[in-house]
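Below is the file run.txt, which contains compact mmCIF, C-alpha atoms.
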# COMPACT_ATOMS: atom_id res chain seq x y z
CA MET A 18 119.00 96.21 -62.80
CA LYS A 19 119.41 99.20 -65.10
CA PHE A 20 121.62 102.14 -64.16
CA SER A 21 118.80 104.54 -63.21
CA SER A 22 117.16 101.95 -60.96
CA ARG A 23 120.46 101.22 -59.20
CA ILE A 24 121.06 104.92 -58.59
CA LYS A 25 117.54 105.52 -57.27
CA ALA A 26 117.87 102.51 -54.97
CA SER A 27 121.20 103.86 -53.71
CA GLU A 28 120.00 107.38 -53.13
CA GLY A 29 116.58 106.51 -51.69
CA SER A 30 114.78 109.68 -50.70
CA ARG A 31 117.95 111.78 -50.73
CA GLU A 32 118.50 114.51 -53.30
CA LEU A 33 120.84 113.48 -56.10
CA ILE A 34 123.99 115.55 -55.88
CA PHE A 35 125.54 114.99 -59.29
CA ASP A 36 124.51 115.10 -62.93
CA ASP A 37 127.14 113.47 -65.09
CA ALA A 38 125.61 113.69 -68.58
CA PRO A 39 125.93 117.26 -69.91
CA ILE A 40 124.80 117.96 -73.48
CA SER A 41 128.38 118.17 -74.72
CA THR A 42 129.05 114.63 -73.49
CA ARG A 43 125.83 113.31 -75.03
CA VAL A 44 126.70 114.86 -78.40
CA GLY A 45 130.23 113.51 -78.15
CA PHE A 46 128.78 110.09 -77.40
CA TYR A 47 126.45 109.75 -80.38
CA LYS A 48 128.73 111.56 -82.84
CA GLY A 49 132.03 110.09 -81.73
CA VAL A 50 131.08 106.67 -80.35
CA LEU A 51 127.57 105.47 -81.13
CA ASN A 52 127.62 106.25 -84.87
CA HIS A 53 130.43 103.72 -85.24
CA PHE A 54 128.17 100.87 -84.08
CA ILE A 55 124.81 101.78 -85.63
CA ILE A 56 123.35 100.69 -88.95
CA SER A 57 121.48 103.75 -90.16
CA SER A 58 119.68 104.60 -93.39
CA GLY A 59 121.48 106.78 -95.90
CA ARG A 60 124.87 105.20 -95.29
CA LEU A 61 126.94 102.96 -97.44
CA PRO A 62 126.78 99.31 -96.34
CA ARG A 63 129.18 98.70 -93.48
CA PRO A 64 129.36 95.90 -90.92
CA GLU A 65 127.94 97.81 -87.96
CA PRO A 66 126.47 95.29 -85.50
CA LEU A 67 123.42 97.24 -84.24
CA ASP A 68 120.28 98.48 -85.98
CA GLY A 69 119.32 102.02 -84.94
CA TYR A 70 115.57 101.50 -85.27
CA GLU A 71 115.54 98.32 -83.17
CA LEU A 72 117.89 99.80 -80.59
CA HIS A 73 115.66 102.85 -80.12
CA GLU A 74 112.62 100.61 -79.66
CA LYS A 75 114.46 98.69 -76.95
CA PHE A 76 115.50 101.93 -75.28
CA CYS A 77 111.91 103.22 -75.21
CA ALA A 78 110.84 99.95 -73.61
CA LEU A 79 113.71 100.08 -71.11
CA VAL A 80 112.92 103.58 -69.83
CA ARG A 81 109.13 103.12 -70.16
CA ASP A 82 108.84 105.99 -72.65
CA GLU A 83 106.08 106.50 -75.20
CA SER A 84 106.96 106.79 -78.87
CA ASP A 85 105.59 110.33 -78.83
CA PRO A 86 107.21 112.82 -79.05
CA TRP A 87 110.03 110.58 -80.25
CA ASP A 88 107.90 109.31 -83.15
CA TYR A 89 110.09 108.57 -86.11
CA SER A 90 110.07 106.50 -89.25
CA GLN A 91 112.48 103.84 -90.46
CA GLU A 92 114.03 106.50 -92.70
CA SER A 93 114.78 108.95 -89.87
CA ASN A 94 115.61 106.63 -86.98
CA TRP A 95 119.01 108.23 -86.34
CA ASP A 96 117.52 111.71 -85.93
CA GLY A 97 114.82 110.39 -83.61
CA LEU A 98 117.30 108.46 -81.48
CA THR A 99 119.82 111.29 -81.10
CA TYR A 100 117.06 113.80 -80.32
CA HIS A 101 115.74 111.45 -77.67
CA LEU A 102 119.19 111.04 -76.12
CA LYS A 103 119.50 114.82 -75.73
CA GLU A 104 116.13 115.09 -73.97
CA VAL A 105 116.10 112.19 -71.49
CA SER A 106 117.31 112.51 -67.90
CA TRP A 107 121.00 111.98 -67.24
CA MET A 108 120.29 108.63 -65.58
CA GLU A 109 118.30 107.43 -68.60
CA PHE A 110 121.11 108.52 -70.89
CA PHE A 111 123.40 106.22 -68.93
CA ASP A 112 120.74 103.51 -69.21
CA PHE A 113 121.23 103.79 -72.96
CA VAL A 114 125.03 103.66 -72.69
CA GLU A 115 124.70 100.38 -70.80
CA LEU A 116 122.04 99.06 -73.18
CA VAL A 117 124.35 99.48 -76.18
CA GLY A 118 127.11 97.66 -74.35
CA LYS A 119 124.87 94.74 -73.39
CA GLU A 120 123.58 94.47 -76.97
CA LEU A 121 127.16 94.34 -78.26
CA ILE A 122 128.02 91.61 -75.76
CA ILE A 123 125.05 89.59 -77.08
CA LYS A 124 126.28 90.15 -80.62
CA GLY A 125 129.80 89.11 -79.65
CA ASP A 126 129.59 85.62 -81.13
CA ASP A 127 128.41 86.79 -84.56
CA SER A 128 130.99 85.81 -87.12
CA PHE A 129 130.66 89.07 -89.10
CA GLN A 130 131.66 91.26 -86.18
CA ALA A 131 135.20 92.58 -86.45
CA ASP A 132 137.23 93.64 -83.44
CA THR A 133 136.61 97.30 -84.32
CA TYR A 134 132.87 96.73 -83.76
CA SER A 135 133.22 94.64 -80.61
CA PHE A 136 132.03 95.44 -77.13
CA GLU A 137 135.61 96.04 -75.98
CA SER A 138 136.03 98.62 -78.73
CA TYR A 139 132.82 100.33 -77.60
CA ARG A 140 133.85 100.17 -73.96
CA SER A 141 137.22 101.72 -74.75
CA LYS A 142 135.63 104.58 -76.70
CA VAL A 143 133.04 105.29 -74.01
CA ASN A 144 135.59 105.32 -71.19
CA ALA A 145 137.95 107.53 -73.19
CA LEU A 146 135.12 110.02 -73.77
CA PHE A 147 134.12 110.02 -70.11
CA GLU A 148 137.72 110.46 -69.01
CA GLU A 149 138.19 113.38 -71.39
CA ASP A 150 134.99 115.05 -70.14
CA LEU A 151 135.87 114.34 -66.49
CA ILE A 152 132.79 112.13 -66.06
CA GLY A 153 133.01 110.08 -62.87
CA TRP A 154 131.81 106.76 -64.29
CA ARG A 155 133.48 103.92 -66.20
CA LEU A 156 131.93 101.06 -68.15
CA ASP A 157 133.05 97.69 -66.80
CA SER A 158 133.39 94.33 -68.54
CA SER A 159 129.72 93.51 -67.86
CA ALA A 160 128.52 96.75 -69.52
CA GLU A 161 127.62 98.34 -66.20
CA LEU A 162 128.69 101.82 -65.15
CA ASN A 163 130.50 102.18 -61.84
CA ARG A 164 132.00 105.25 -60.24
CA ASN A 165 135.55 105.75 -61.35
CA ILE A 166 138.36 105.80 -58.83
CA PRO A 167 140.83 108.51 -59.95
CA GLN A 168 144.12 107.02 -61.12
CA SER A 169 146.19 108.65 -58.38
CA LEU A 170 143.78 107.38 -55.72
CA ASN A 171 143.45 103.98 -57.39
CA SER A 172 147.15 103.20 -56.91
CA ARG A 173 146.88 104.33 -53.29
CA VAL A 174 143.78 102.17 -52.75
CA LYS A 175 145.54 99.10 -54.17
CA SER A 176 148.73 99.59 -52.16
CA THR A 177 146.75 100.20 -48.96
CA LYS A 178 144.63 97.12 -49.59
CA GLU A 179 147.82 95.04 -49.93
CA LEU A 180 149.10 96.46 -46.64
CA VAL A 181 145.82 95.67 -44.88
CA ASP A 182 145.65 92.17 -46.40
CA ASN A 183 149.19 91.34 -45.38
CA LYS A 184 149.36 92.68 -41.84
CA PHE A 185 145.96 93.62 -40.51
CA GLU A 186 143.48 90.91 -41.36
CA PRO A 187 140.75 92.13 -38.94
CA ALA A 188 140.66 95.49 -40.77
CA ARG A 189 140.47 93.94 -44.24
CA GLU A 190 136.70 93.65 -44.57
CA HIS A 191 136.10 97.14 -43.20
CA TYR A 192 138.51 98.63 -45.71
CA LYS A 193 137.11 96.71 -48.67
CA LYS A 194 133.56 97.70 -47.77
CA ALA A 195 134.55 101.37 -47.42
CA VAL A 196 135.78 101.41 -51.03
CA GLN A 197 132.90 99.31 -52.35
CA TYR A 198 130.20 101.44 -50.73
CA LEU A 199 131.53 104.50 -52.53
CA TYR A 200 132.60 103.15 -55.92
CA GLN A 201 130.26 100.24 -56.54
CA HIS A 202 126.49 99.90 -56.47
CA PRO A 203 124.58 100.49 -54.33
CA ILE A 204 126.39 103.73 -53.48
CA ASP A 205 126.22 104.36 -49.73
CA PRO A 206 128.26 107.35 -48.52
CA ALA A 207 127.35 107.00 -44.83
CA ASN A 208 128.39 103.37 -44.65
CA SER A 209 131.61 104.14 -46.54
CA ILE A 210 132.56 106.62 -43.80
CA LYS A 211 131.61 104.15 -41.07
CA GLU A 212 133.72 101.37 -42.60
CA ILE A 213 136.86 103.45 -43.18
CA VAL A 214 136.76 104.65 -39.56
CA SER A 215 136.21 101.06 -38.41
CA ALA A 216 139.23 99.96 -40.47
CA LEU A 217 141.34 102.65 -38.84
CA GLU A 218 140.17 101.65 -35.36
CA SER A 219 140.95 98.00 -36.04
CA ILE A 220 144.48 98.82 -37.18
CA GLY A 221 145.00 101.19 -34.24
CA LYS A 222 143.98 98.54 -31.72
CA ILE A 223 146.56 96.15 -33.19
CA LEU A 224 149.37 98.71 -33.26
CA PHE A 225 148.54 100.17 -29.85
CA PRO A 226 147.33 97.43 -27.47
CA GLY A 227 144.95 98.69 -24.82
CA THR A 228 143.28 101.31 -27.02
CA SER A 229 139.60 100.93 -27.80
CA THR A 230 138.89 103.74 -30.29
CA LEU A 231 140.63 105.70 -33.02
CA GLY A 232 140.45 108.68 -30.68
CA ASP A 233 142.59 106.78 -28.16
CA VAL A 234 145.13 106.03 -30.89
CA ILE A 235 145.35 109.68 -31.92
CA LYS A 236 145.86 110.71 -28.27
CA LEU A 237 148.84 108.34 -28.04
CA LEU A 238 150.28 109.70 -31.27
CA LYS A 239 149.99 113.22 -29.87
CA LYS A 240 152.14 112.24 -26.91
CA ALA A 241 155.01 111.32 -29.23
CA GLU A 242 157.25 114.22 -30.20
CA ASN A 243 157.70 113.12 -33.81
CA HIS A 244 154.08 113.76 -34.90
CA PRO A 245 152.86 117.26 -35.89
CA ARG A 246 150.21 118.09 -33.31
CA LEU A 247 148.14 120.34 -35.59
CA LEU A 248 148.00 117.57 -38.19
CA LEU A 249 146.72 115.12 -35.59
CA ASP A 250 144.20 117.75 -34.44
CA ALA A 251 142.75 117.66 -37.97
CA TYR A 252 142.45 113.89 -37.86
CA GLU A 253 140.80 114.10 -34.45
CA LYS A 254 138.21 116.51 -35.83
CA ILE A 255 137.45 114.15 -38.71
CA TYR A 256 136.97 111.29 -36.25
CA ALA A 257 134.63 113.50 -34.21
CA TYR A 258 132.68 114.32 -37.38
CA ALA A 259 132.16 110.63 -38.14
CA ASN A 260 130.96 109.98 -34.59
CA SER A 261 128.60 112.94 -34.37
CA THR A 262 127.02 112.77 -37.85
CA PRO A 263 123.63 110.99 -37.90
CA SER A 264 123.47 107.82 -40.03
CA VAL A 265 127.23 107.22 -39.81
CA ARG A 266 128.62 105.82 -36.54
CA HIS A 267 126.00 105.89 -33.79
CA GLY A 268 122.26 106.01 -33.40
CA HIS A 269 120.68 109.46 -33.70
CA THR A 270 117.20 110.90 -33.50
CA GLU A 271 117.57 112.94 -36.70
CA VAL A 272 118.37 112.17 -40.32
CA VAL A 273 121.13 114.04 -42.12
CA THR A 274 122.11 113.50 -45.74
CA VAL A 275 125.73 112.46 -46.13
CA THR A 276 126.96 113.42 -49.59
CA ILE A 277 129.25 111.47 -51.87
CA HIS A 278 131.75 114.34 -51.72
CA GLU A 279 131.94 114.10 -47.93
CA ALA A 280 132.42 110.34 -48.10
CA GLU A 281 135.18 110.71 -50.71
CA LEU A 282 136.96 113.22 -48.49
CA LEU A 283 136.78 110.86 -45.52
CA LEU A 284 137.89 107.86 -47.60
CA HIS A 285 140.92 109.72 -49.00
CA THR A 286 141.79 111.00 -45.54
CA GLY A 287 141.30 107.55 -44.04
CA ILE A 288 143.65 105.98 -46.57
CA ALA A 289 146.27 108.62 -45.80
CA LEU A 290 145.88 108.08 -42.05
CA ILE A 291 146.20 104.29 -42.42
CA ARG A 292 149.51 104.77 -44.22
CA TYR A 293 150.67 107.39 -41.75
CA ILE A 294 149.89 105.37 -38.64
CA VAL A 295 151.46 102.19 -40.02
CA ASP A 296 154.54 103.86 -41.52
CA THR A 297 155.35 105.99 -38.48
CA ASN A 298 154.80 103.04 -36.15
CA GLU A 299 157.21 100.88 -38.17
CA LYS A 300 159.89 103.61 -38.09
CA SER A 301 159.57 104.00 -34.34

Entire entry expressed as structure tokens:
Amino acid sequence: MKFSSRIKASEGSRELIFDDAPISTRVGFYKGVLNHFIISSGRLPRPEPLDGYELHEKFCALVRDESDPWDYSQESNWDGLTYHLKEVSWMEFFDFVELVGKELIIKGDDSFQADTYSFESYRSKVNALFEEDLIGWRLDSSAELNRNIPQSLNSRVKSTKELVDNKFEPAREHYKKAVQYLYQHPIDPANSIKEIVSALESIGKILFPGTSTLGDVIKLLKKAENHPRLLLDAYEKIYAYANSTPSVRHGHTEVVTVTIHEAELLLHTGIALIRYIVDTNEKS
């Protein structure tokens, strides 16, 4: 499934809350990345693996676009393609980024293709551009774009996953799903919040036998003198938010859109609370 279709399936009827393909990034892409992999008229012969005219035809077919007003001749295919890339929606631009990657993977076995024209070279250039422009997507080894986990959070995610895997097996699936719902397709912010809270509850029940909810765990932590009460008040409010927000924890009679930003906040907070609960319990 192409990028735009995956995003639309993830968002459903909700309003999209991000646009990650500004003009500056598009220009940087075709001037600093794409031109390295395209055979275009007017250039000296070089071993670029992709033909600009054919690639543009495939793109038009992929996004169901008419040739007009992108009509171009064999002699001006580069101008037509780059103009088109500036005018399409941001999701369709990312469709093209993936299309180029998949075409390079197909070309991977061609004997003429040097490492500098390989898919991995393209992937590296794309991800470097997106990182520089603070674009929240990264191209994976299958030429699909997934939301990027910031480096600082990524190390925290990995270390927390190891902790959960090693000591709290019942919480493992909840934690993995919480990350996957937010950073892999289909993106599902509400379920990400639900799963991180479920992971916390599972861990709390193991550490504090007799508790049945995360709220019960926080109440026990508040009774201990070595935990800042105001900090635990904040966690209690977050838990209350997850419980009271429609589409997250319990059945409701109304529908409320949960944004990616809210889910990221809850995931980051949930990771911090997992570490805090486990670390402070071990010390005590």

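Computed from the coordinates, the atom CA of A:Leu231 to atom CA of A:Asn165 distance equals 28.8 Å.
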
Would you list the residues near (117.9, 115.0, -74.0) (no more than 12 Å away, in the coordinates of the file, using only C-alpha atoms) as a tab-separated table (two decimals) with C-alpha atoms, keeping the file's coordinate frame?
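Final output, selection_16.tsv:
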chain	number	residue	atom	x	y	z
A	38	ALA	CA	125.61	113.69	-68.58
A	39	PRO	CA	125.93	117.26	-69.91
A	40	ILE	CA	124.80	117.96	-73.48
A	41	SER	CA	128.38	118.17	-74.72
A	42	THR	CA	129.05	114.63	-73.49
A	43	ARG	CA	125.83	113.31	-75.03
A	44	VAL	CA	126.70	114.86	-78.40
A	47	TYR	CA	126.45	109.75	-80.38
A	87	TRP	CA	110.03	110.58	-80.25
A	97	GLY	CA	114.82	110.39	-83.61
A	98	LEU	CA	117.30	108.46	-81.48
A	99	THR	CA	119.82	111.29	-81.10
A	100	TYR	CA	117.06	113.80	-80.32
A	101	HIS	CA	115.74	111.45	-77.67
A	102	LEU	CA	119.19	111.04	-76.12
A	103	LYS	CA	119.50	114.82	-75.73
A	104	GLU	CA	116.13	115.09	-73.97
A	105	VAL	CA	116.10	112.19	-71.49
A	106	SER	CA	117.31	112.51	-67.90
A	107	TRP	CA	121.00	111.98	-67.24
A	108	MET	CA	120.29	108.63	-65.58
A	109	GLU	CA	118.30	107.43	-68.60
A	110	PHE	CA	121.11	108.52	-70.89
A	111	PHE	CA	123.40	106.22	-68.93
A	113	PHE	CA	121.23	103.79	-72.96

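You can rank A:Thr177, A:Asp37, A:Trp95, A:Phe54 by their closest distance to A:Gly153 using only C-alpha atoms, and at the top of that list sits A:Asp37.
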
Nearby residues (only C-alpha atoms) at most 7 Å from A:Ala188, same-chain spacing under 4 positions excluded, as an MDAnalysis selection string
chainID A and resid 181 192 216 219:220

Store the residues picked out above, limited to C-alpha atoms, as a CSV table (one decimal), in the frame of the given file.
chain,number,residue,atom,x,y,z
A,181,VAL,CA,145.8,95.7,-44.9
A,192,TYR,CA,138.5,98.6,-45.7
A,216,ALA,CA,139.2,100.0,-40.5
A,219,SER,CA,141.0,98.0,-36.0
A,220,ILE,CA,144.5,98.8,-37.2

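Here atom CA of A:Asp68 and atom CA of A:Glu120 stand 10.4 Å from one another.
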
One-decimal distance in Å that lies between atom CA of A:Ile204 and atom CA of A:His73:
28.7 Å

Show which residues sit within 9 Å of stretch 237-245 of chain A, as JSON, numbers by chain. Count only C-alpha atoms, and ignore same-chain residues fewer than 5 positions away.
{"A": [225, 232, 250, 294, 297]}

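Distances to A:Asn52 were evaluated for A:Phe185, A:Tyr139, A:Tyr252, A:Tyr258 using all atoms listed in the file, and the minimum falls at A:Tyr139.
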